[in-house]
Every structure is written in C-alpha cells, then in structure tokens.
>>> print(open('query_36.cif').read())   # mmCIF, C-alpha atoms
data_upload
#
loop_
_atom_site.label_atom_id
_atom_site.label_comp_id
_atom_site.auth_asym_id
_atom_site.auth_seq_id
_atom_site.Cartn_x
_atom_site.Cartn_y
_atom_site.Cartn_z
CA MET A 17 -20.43 -5.56 -17.83
CA VAL A 18 -18.86 -4.38 -14.60
CA VAL A 19 -15.31 -3.50 -13.60
CA TYR A 20 -14.60 -4.25 -9.94
CA LEU A 21 -11.83 -2.37 -8.17
CA VAL A 22 -10.82 -4.86 -5.50
CA GLY A 23 -8.49 -4.45 -2.54
CA ALA A 24 -6.40 -7.60 -2.02
CA GLY A 25 -5.25 -6.64 1.48
CA PRO A 26 -1.68 -6.29 2.81
CA GLY A 27 -0.28 -9.51 1.35
CA ASP A 28 -1.34 -12.53 3.39
CA PRO A 29 -3.92 -14.26 1.16
CA GLU A 30 -6.07 -15.03 4.20
CA LEU A 31 -6.59 -11.29 4.77
CA ILE A 32 -8.57 -10.75 1.56
CA THR A 33 -12.30 -10.27 2.09
CA LEU A 34 -14.95 -12.87 1.32
CA LYS A 35 -16.63 -10.45 -1.07
CA ALA A 36 -13.38 -9.99 -2.99
CA ILE A 37 -12.99 -13.76 -3.31
CA ARG A 38 -16.54 -14.13 -4.60
CA VAL A 39 -15.94 -11.53 -7.31
CA LEU A 40 -12.58 -13.04 -8.27
CA GLU A 41 -14.19 -16.47 -8.66
CA GLY A 42 -16.45 -15.04 -11.36
CA ALA A 43 -13.87 -12.95 -13.19
CA ASP A 44 -13.33 -13.07 -16.93
CA VAL A 45 -10.24 -10.87 -16.67
CA VAL A 46 -8.00 -9.96 -13.72
CA ILE A 47 -5.78 -6.89 -14.03
CA TYR A 48 -3.39 -7.09 -11.09
CA ASP A 49 -0.58 -5.28 -9.30
CA ARG A 50 2.78 -6.52 -8.05
CA LEU A 51 1.55 -6.59 -4.44
CA ALA A 52 -1.45 -8.79 -5.24
CA GLY A 53 0.15 -12.19 -4.60
CA GLU A 54 -0.04 -15.34 -6.69
CA GLU A 55 -1.97 -17.19 -4.00
CA ILE A 56 -4.75 -14.63 -4.29
CA LEU A 57 -4.80 -14.99 -8.08
CA ARG A 58 -5.64 -18.69 -7.60
CA TYR A 59 -9.17 -17.65 -6.66
CA ALA A 60 -9.71 -16.62 -10.29
CA PRO A 61 -11.08 -19.24 -12.74
CA ASP A 62 -8.51 -21.27 -14.68
CA ASP A 63 -9.66 -19.71 -17.94
CA ALA A 64 -9.58 -16.11 -16.67
CA ARG A 65 -7.17 -13.83 -18.52
CA LEU A 66 -4.50 -12.42 -16.21
CA ILE A 67 -2.95 -9.05 -17.08
CA TYR A 68 0.00 -7.80 -15.03
CA VAL A 69 0.31 -4.02 -14.65
CA GLY A 70 2.59 -3.88 -11.61
CA LYS A 71 4.79 -0.99 -10.55
CA ARG A 72 7.86 -0.70 -8.38
CA ALA A 73 10.27 2.13 -7.60
CA GLY A 74 12.04 3.11 -10.81
CA GLU A 75 10.23 0.46 -12.86
CA HIS A 76 6.69 0.78 -14.17
CA HIS A 77 5.42 -2.13 -16.25
CA LYS A 78 2.57 0.12 -17.42
CA THR A 79 1.92 3.82 -16.98
CA GLN A 80 -1.28 4.84 -15.23
CA ASP A 81 -2.73 6.10 -18.51
CA GLU A 82 -2.02 2.70 -20.07
CA ILE A 83 -3.68 0.94 -17.13
CA ASN A 84 -6.74 3.16 -17.49
CA MET A 85 -6.90 2.30 -21.19
CA ILE A 86 -6.67 -1.44 -20.45
CA LEU A 87 -9.49 -1.16 -17.91
CA VAL A 88 -11.70 0.59 -20.43
CA GLU A 89 -10.89 -1.82 -23.26
CA GLU A 90 -11.40 -4.95 -21.16
CA GLY A 91 -14.49 -3.49 -19.52
CA LYS A 92 -16.12 -3.05 -22.92
CA LYS A 93 -15.42 -6.64 -23.95
CA HIS A 94 -16.15 -8.70 -20.84
CA GLU A 95 -18.93 -9.25 -18.33
CA THR A 96 -16.75 -9.20 -15.20
CA VAL A 97 -13.37 -7.49 -14.99
CA VAL A 98 -11.45 -7.37 -11.70
CA ARG A 99 -8.83 -4.71 -11.08
CA LEU A 100 -6.91 -6.30 -8.20
CA LYS A 101 -4.84 -3.96 -6.05
CA GLY A 102 -2.63 -4.52 -3.04
CA GLY A 103 -4.06 -3.07 0.18
CA ASP A 104 -7.08 -0.86 -0.43
CA PRO A 105 -7.94 0.67 -3.84
CA PHE A 106 -8.15 4.19 -2.43
CA VAL A 107 -5.04 4.32 -0.20
CA PHE A 108 -2.37 5.40 -2.69
CA GLY A 109 -3.85 2.91 -5.13
CA ARG A 110 -5.00 5.46 -7.72
CA GLY A 111 -8.46 3.94 -7.57
CA GLY A 112 -10.07 7.33 -8.00
CA GLU A 113 -8.21 7.95 -11.25
CA GLU A 114 -9.30 4.59 -12.62
CA ILE A 115 -12.92 5.20 -11.67
CA LEU A 116 -12.87 8.56 -13.46
CA ALA A 117 -11.57 6.84 -16.61
CA LEU A 118 -14.30 4.19 -16.41
CA LYS A 119 -16.96 6.80 -15.73
CA GLU A 120 -15.88 8.85 -18.74
CA ALA A 121 -16.15 5.72 -20.91
CA GLY A 122 -19.59 4.90 -19.54
CA ILE A 123 -18.50 1.61 -17.98
CA PRO A 124 -20.19 0.51 -14.73
CA TYR A 125 -17.89 -0.10 -11.77
CA ARG A 126 -17.98 -1.30 -8.18
CA VAL A 127 -15.39 -0.88 -5.42
CA ILE A 128 -14.57 -3.57 -2.87
CA PRO A 129 -12.42 -2.26 -0.01
CA GLY A 130 -9.36 -4.09 1.22
CA VAL A 131 -7.37 -4.11 4.45
CA THR A 132 -4.90 -1.28 3.93
CA SER A 133 -1.29 -2.15 4.69
CA ALA A 134 -0.99 1.19 6.51
CA VAL A 135 -2.91 -0.23 9.46
CA GLY A 136 -3.10 -3.96 8.69
CA VAL A 137 0.66 -4.51 8.69
CA PRO A 138 1.41 -2.78 12.03
CA THR A 139 -1.59 -4.50 13.58
CA SER A 140 -0.44 -7.90 12.35
CA VAL A 141 2.83 -7.60 14.30
CA GLY A 142 1.19 -6.15 17.40
CA LEU A 143 2.10 -2.50 16.89
CA PRO A 144 -0.88 -0.29 17.81
CA VAL A 145 -1.00 2.87 15.70
CA THR A 146 -3.03 4.54 18.47
CA HIS A 147 -2.73 3.88 22.20
CA ARG A 148 -4.43 5.52 25.17
CA GLY A 149 -2.19 8.13 26.74
CA VAL A 150 0.36 7.86 23.92
CA ALA A 151 -1.24 8.46 20.54
CA THR A 152 -4.75 9.64 19.71
CA SER A 153 -4.18 10.27 16.00
CA PHE A 154 -2.28 8.97 13.00
CA THR A 155 -1.49 10.21 9.50
CA VAL A 156 -0.84 8.00 6.49
CA VAL A 157 1.52 9.61 4.00
CA THR A 158 3.37 8.57 0.88
CA GLY A 159 7.14 8.42 1.08
CA HIS A 160 7.51 8.56 -2.69
CA GLU A 161 5.76 11.39 -4.49
CA ASP A 162 5.17 11.40 -8.22
CA PRO A 163 8.22 13.27 -9.61
CA SER A 164 6.13 14.67 -12.45
CA LYS A 165 4.02 16.76 -10.08
CA PRO A 166 4.66 20.54 -10.34
CA ALA A 167 5.12 20.90 -6.57
CA ARG A 168 5.60 18.70 -3.52
CA GLN A 169 2.53 18.08 -1.36
CA VAL A 170 4.34 16.25 1.45
CA HIS A 171 5.98 18.69 3.86
CA TRP A 172 6.37 16.36 6.89
CA ASP A 173 5.06 18.91 9.41
CA TYR A 174 2.07 16.74 10.39
CA ASN A 175 0.71 17.11 13.90
CA ALA A 176 -0.58 13.55 14.23
CA ASP A 177 0.98 11.51 17.03
CA THR A 178 1.86 8.64 14.68
CA LEU A 179 3.17 8.87 11.14
CA ILE A 180 2.67 5.85 8.87
CA ILE A 181 4.72 6.08 5.70
CA LEU A 182 4.04 3.94 2.66
CA MET A 183 6.47 3.49 -0.24
CA GLY A 184 9.20 5.27 1.69
CA VAL A 185 11.97 2.72 2.23
CA GLY A 186 13.74 3.48 -1.04
CA ASN A 187 14.43 7.08 -0.02
CA ILE A 188 14.19 6.69 3.74
CA ARG A 189 17.23 8.86 4.50
CA GLU A 190 15.76 11.89 2.75
CA ASN A 191 12.38 11.32 4.40
CA MET A 192 13.84 10.94 7.90
CA GLU A 193 15.92 14.10 7.46
CA GLU A 194 12.79 16.01 6.49
CA ILE A 195 10.84 14.67 9.48
CA MET A 196 13.69 15.62 11.84
CA LYS A 197 13.02 19.25 10.94
CA HIS A 198 9.80 18.82 12.94
CA ARG A 199 10.49 15.97 15.40
CA PRO A 200 13.46 15.02 17.63
CA ALA A 201 16.11 12.70 16.20
CA ASP A 202 15.48 10.18 19.00
CA THR A 203 11.83 9.71 17.97
CA PRO A 204 11.30 5.93 17.73
CA VAL A 205 10.80 4.32 14.31
CA CYS A 206 9.77 0.84 13.20
CA VAL A 207 10.15 -0.49 9.66
CA ILE A 208 8.12 -3.58 8.77
CA GLU A 209 9.33 -5.17 5.54
CA SER A 210 7.10 -7.53 3.53
CA GLY A 211 4.42 -7.28 6.19
CA THR A 212 2.14 -10.33 6.76
CA LEU A 213 4.30 -12.46 4.41
CA ASP A 214 6.71 -15.30 5.17
CA ASP A 215 9.80 -13.13 4.66
CA GLU A 216 8.58 -10.35 6.98
CA ARG A 217 11.31 -8.43 8.82
CA ILE A 218 11.00 -5.89 11.62
CA ILE A 219 13.69 -3.26 12.13
CA LEU A 220 13.65 -0.85 15.07
CA GLY A 221 15.50 2.43 15.40
CA THR A 222 15.06 6.19 15.58
CA LEU A 223 14.67 9.01 13.13
CA GLY A 224 18.39 9.61 13.49
CA ASP A 225 19.68 6.10 12.82
CA ILE A 226 17.04 4.03 10.98
CA ALA A 227 18.41 4.96 7.55
CA ASP A 228 21.79 3.39 8.47
CA LYS A 229 20.23 -0.04 8.96
CA ASP A 230 19.90 -2.81 6.37
CA LEU A 231 16.52 -2.07 4.79
CA ARG A 232 14.82 -3.47 1.71
CA PRO A 233 11.50 -2.43 0.14
CA PRO A 234 8.61 -2.95 0.25
CA GLY A 235 8.07 -1.77 3.80
CA ILE A 236 5.84 0.22 6.12
CA ILE A 237 7.51 2.90 8.27
CA VAL A 238 5.89 3.79 11.60
CA VAL A 239 7.14 6.90 13.40
CA GLY A 240 6.13 7.88 16.92
CA ASP A 241 5.93 6.83 20.56
CA VAL A 242 3.64 3.92 19.70
CA VAL A 243 6.85 2.17 18.65
CA ASN A 244 7.89 2.18 22.32
CA VAL A 245 4.55 0.58 23.17
CA TYR A 246 5.40 -2.10 20.63
CA ARG A 247 8.80 -2.60 22.27
CA GLU A 248 7.03 -3.18 25.59
CA ILE A 249 4.54 -5.58 24.00
CA ARG A 250 7.33 -7.44 22.22
CA GLY A 251 9.62 -7.33 25.25
CA THR A 252 12.70 -6.02 23.50
CA GLU A 253 15.05 -3.08 23.81
CA GLU A 254 16.53 -3.51 20.33
#
>>> encode(input="query_36.cif", output="structure tokens")
Amino acid sequence: MVVYLVGAGPGDPELITLKAIRVLEGADVVIYDRLAGEEILRYAPDDARLIYVGKRAGEHHKTQDEINMILVEEGKKHETVVRLKGGDPFVFGRGGEEILALKEAGIPYRVIPGVTSAVGVPTSVGLPVTHRGVATSFTVVTGHEDPSKPARQVHWDYNADTLIILMGVGNIRENMEEIMKHRPADTPVCVIESGTLDDERIILGTLGDIADKDLRPPGIIVVGDVVNVYREIRGTEE
C-alpha cells in the first residue's frame, strides 16, 4: 500500500506530469481538491473511487483533520491511493501535514511534484517573475492566513523584487493596503484569474487601484516592476 501525494499543476490538464498520470492510471482511490480539474480525473480508472475534499474561501467541504483521517483510512485499505492537489503538494497545499499523519499511522507515501501556480500561471501568460535588471528575486506568500492561528505570520515587509500572492483575491483590498505600508501605491500589479484555463482573465493595475477593479477568485496576484516588463511584452498600456 502506498499513498501518493500528487501535484496536478496549475489547471491546464496538459501541464500535469507524466509521472503523475502514470500513478493516476493505477489508482484505486483518488482524493482530490477543487483545483484538480475533471479532465485530470479522467486519467484515473473507471472503477477508481473518487473522494472530493475541496476547499474554497469560507467553505470547507472537509477540515484538514478529516482529510488526514480519510488518507489514513483509505491508505490502510487499498494498494494505491492518490491524493491529488492543485499546483504542487508543498506550496500551500498542506502536503507536509498529510505526510506527518501518514507517517504516524505507519503508511508508506510518495510525493510527486507539480507545476506550482505561483510560477506556472505567470509564465503561461508571458509574465516573467524575474528579469535581468528588473527583478532578481521573488517571494511566494499566502493572501489568506488560517484565522485559527494565534498570530499572523504575513507582515508584507518582504524585500524580494517580486511578490506572488496566492489565495489573495478575496481580501485583496486589505492585502494591498498592507503592502502599501512598504511599497509605493503606484507599484504595478497583475491579477491572473483562472490561470491556464479557458476562462482566464488578466487584470492590470497598481497597488493603489487594483482592488477597485472587477476581480473574481481564484487568482494569482503579481506585484512588482516585472508587471511593466509584461506590459512591454504584451504591448499594452492598460
């Protein structure tokens, strides 16, 4: 018996890895997130059991403790269990927590990395998160901290040239206000909604005005001068 923690990539089913497909094709059970699309689930056998444990802002189908329990229970009963996650299992995917639960239960596990949306989505639209002479570093940060934590860990005073914010569209105004304590209001911002998917949208603005635009999650927020490089590549002043 083995539980595989598998990264499904940023959304486009063609961006999943060959190794992930091979494991999915042999799965007895697939425990999947909201961001792991239906087209990717088609790689699983017809008789595989599919268990949805997705989460979205303000709505958790299962708590993390419940997900851990499902992984352990299914891992004890089946030869091959796939825990399918959007992006990469270890980039805000709570993969480490799930491994610790499996390890405590004595269940073998393997991890298959996925293309993280933090870099894969900007790259897919032609937005370089680093660029010579403009940005030599980037930080990936959550825009939605667990409210049950005793103290905030995100303070927005990062020194990286580019900030990449995941899960931050729902409270973008608060996040932008916090960042403006450390960066000018005219710092360029790009929001990429539903990246790599058919309904992808790209919205450009600044720290000072991006929250006033029509935005819908899920989305990746890129902050920094690389957004101006993207404007030049795209040929737009919007």
>>> resolve_selection(input="query_36.cif", expression="the PyMOL selection byres ((chain A and resi 250) around 12)", output="list in words")
Val141, Gly142, Leu143, Pro144, Ile218, Leu220, Val243, Asn244, Val245, Tyr246, Arg247, Glu248, Ile249, Gly251, Thr252, Glu253 and Glu254 of chain A
>>> axis_aligned_box(input="query_36.cif", around="segment 217-235 of chain A", padding_each_side="5 Å", output="JSON")
{"center_x": 14.9, "center_y": 0.6, "center_z": 7.9, "size_x": 23.7, "size_y": 28.0, "size_z": 25.4}
>>> resolve_selection(input="query_36.cif", expression="the PyMOL selection byres ((chain A and resi 208) around 12)", output="JSON, numbers by chain")
{"A": [26, 133, 134, 135, 136, 137, 138, 139, 140, 141, 142, 143, 180, 181, 182, 183, 184, 185, 205, 206, 207, 209, 210, 211, 212, 213, 215, 216, 217, 218, 219, 220, 221, 226, 231, 232, 233, 234, 235, 236, 237, 238, 239, 243]}
>>> closest_residue(input="query_36.cif", among="A:Ile83, A:Pro61, A:Asp230, A:Ala117", to="Arg38 of chain A", atoms="all atoms listed in the file")
A:Pro61
>>> residues_around(input="query_36.cif", residues="segment 48-56 of chain A", least_positions_apart="2", cutoff="10 Å", atoms="all atoms listed in the file", output="MDAnalysis selection string")
chainID A and resid 22:32 36:37 40 45:46 58:60 66:72 77 98:103 109 210 213 234
>>> closest_residue(input="query_36.cif", among="A:Ala151, A:Ile195, A:Ala201, A:Ile115", to="Asp177 of chain A", atoms="only C-alpha atoms")
A:Ala151
>>> residues_near_point(input="query_36.cif", point="(-16.5, -11.5, -11.2)", cutoff="7 Å", atoms="only C-alpha atoms", output="PyMOL selection string")
chain A and resi 39-44+96-98
>>> residues_around(input="query_36.cif", residues="Ala227 of chain A", least_positions_apart="3", cutoff="10 Å", atoms="all atoms listed in the file", output="PyMOL selection string")
chain A and resi 185-193+221-224+230-231
>>> write_last_selection(input="query_36.cif", atoms="C-alpha atoms", output="compact mmCIF listing (two decimals), in the frame of the given file")
# COMPACT_ATOMS: atom_id res chain seq x y z
CA VAL A 185 11.97 2.72 2.23
CA GLY A 186 13.74 3.48 -1.04
CA ASN A 187 14.43 7.08 -0.02
CA ILE A 188 14.19 6.69 3.74
CA ARG A 189 17.23 8.86 4.50
CA GLU A 190 15.76 11.89 2.75
CA ASN A 191 12.38 11.32 4.40
CA MET A 192 13.84 10.94 7.90
CA GLU A 193 15.92 14.10 7.46
CA GLY A 221 15.50 2.43 15.40
CA THR A 222 15.06 6.19 15.58
CA LEU A 223 14.67 9.01 13.13
CA GLY A 224 18.39 9.61 13.49
CA ASP A 230 19.90 -2.81 6.37
CA LEU A 231 16.52 -2.07 4.79
>>> decode(input="query_36.cif", residues="segment 185-196 of chain A", atoms="N, CA and C atoms", output="compact mmCIF listing (two decimals), in the first residue's frame")
# COMPACT_ATOMS: atom_id res chain seq x y z
N VAL A 185 -7.23 37.04 -3.64
CA VAL A 185 -8.19 37.89 -4.35
C VAL A 185 -9.38 38.24 -3.45
N GLY A 186 -9.80 37.30 -2.63
CA GLY A 186 -10.98 37.53 -1.80
C GLY A 186 -10.83 38.67 -0.82
N ASN A 187 -9.61 38.92 -0.35
CA ASN A 187 -9.38 40.05 0.55
C ASN A 187 -8.25 40.93 0.02
N ILE A 188 -8.33 41.21 -1.30
CA ILE A 188 -7.25 41.93 -1.95
C ILE A 188 -7.09 43.35 -1.42
N ARG A 189 -8.18 44.00 -1.06
CA ARG A 189 -8.06 45.38 -0.58
C ARG A 189 -7.22 45.45 0.69
N GLU A 190 -7.51 44.57 1.63
CA GLU A 190 -6.73 44.55 2.87
C GLU A 190 -5.27 44.24 2.59
N ASN A 191 -5.02 43.27 1.70
CA ASN A 191 -3.64 42.90 1.39
C ASN A 191 -2.89 44.05 0.72
N MET A 192 -3.53 44.72 -0.24
CA MET A 192 -2.86 45.83 -0.93
C MET A 192 -2.57 46.98 0.03
N GLU A 193 -3.49 47.25 0.95
CA GLU A 193 -3.26 48.30 1.94
C GLU A 193 -2.07 47.98 2.82
N GLU A 194 -1.93 46.72 3.17
CA GLU A 194 -0.78 46.31 3.99
C GLU A 194 0.52 46.44 3.21
N ILE A 195 0.51 46.05 1.94
CA ILE A 195 1.73 46.14 1.13
C ILE A 195 2.12 47.60 0.92
N MET A 196 1.13 48.49 0.80
CA MET A 196 1.43 49.91 0.58
C MET A 196 2.10 50.57 1.79
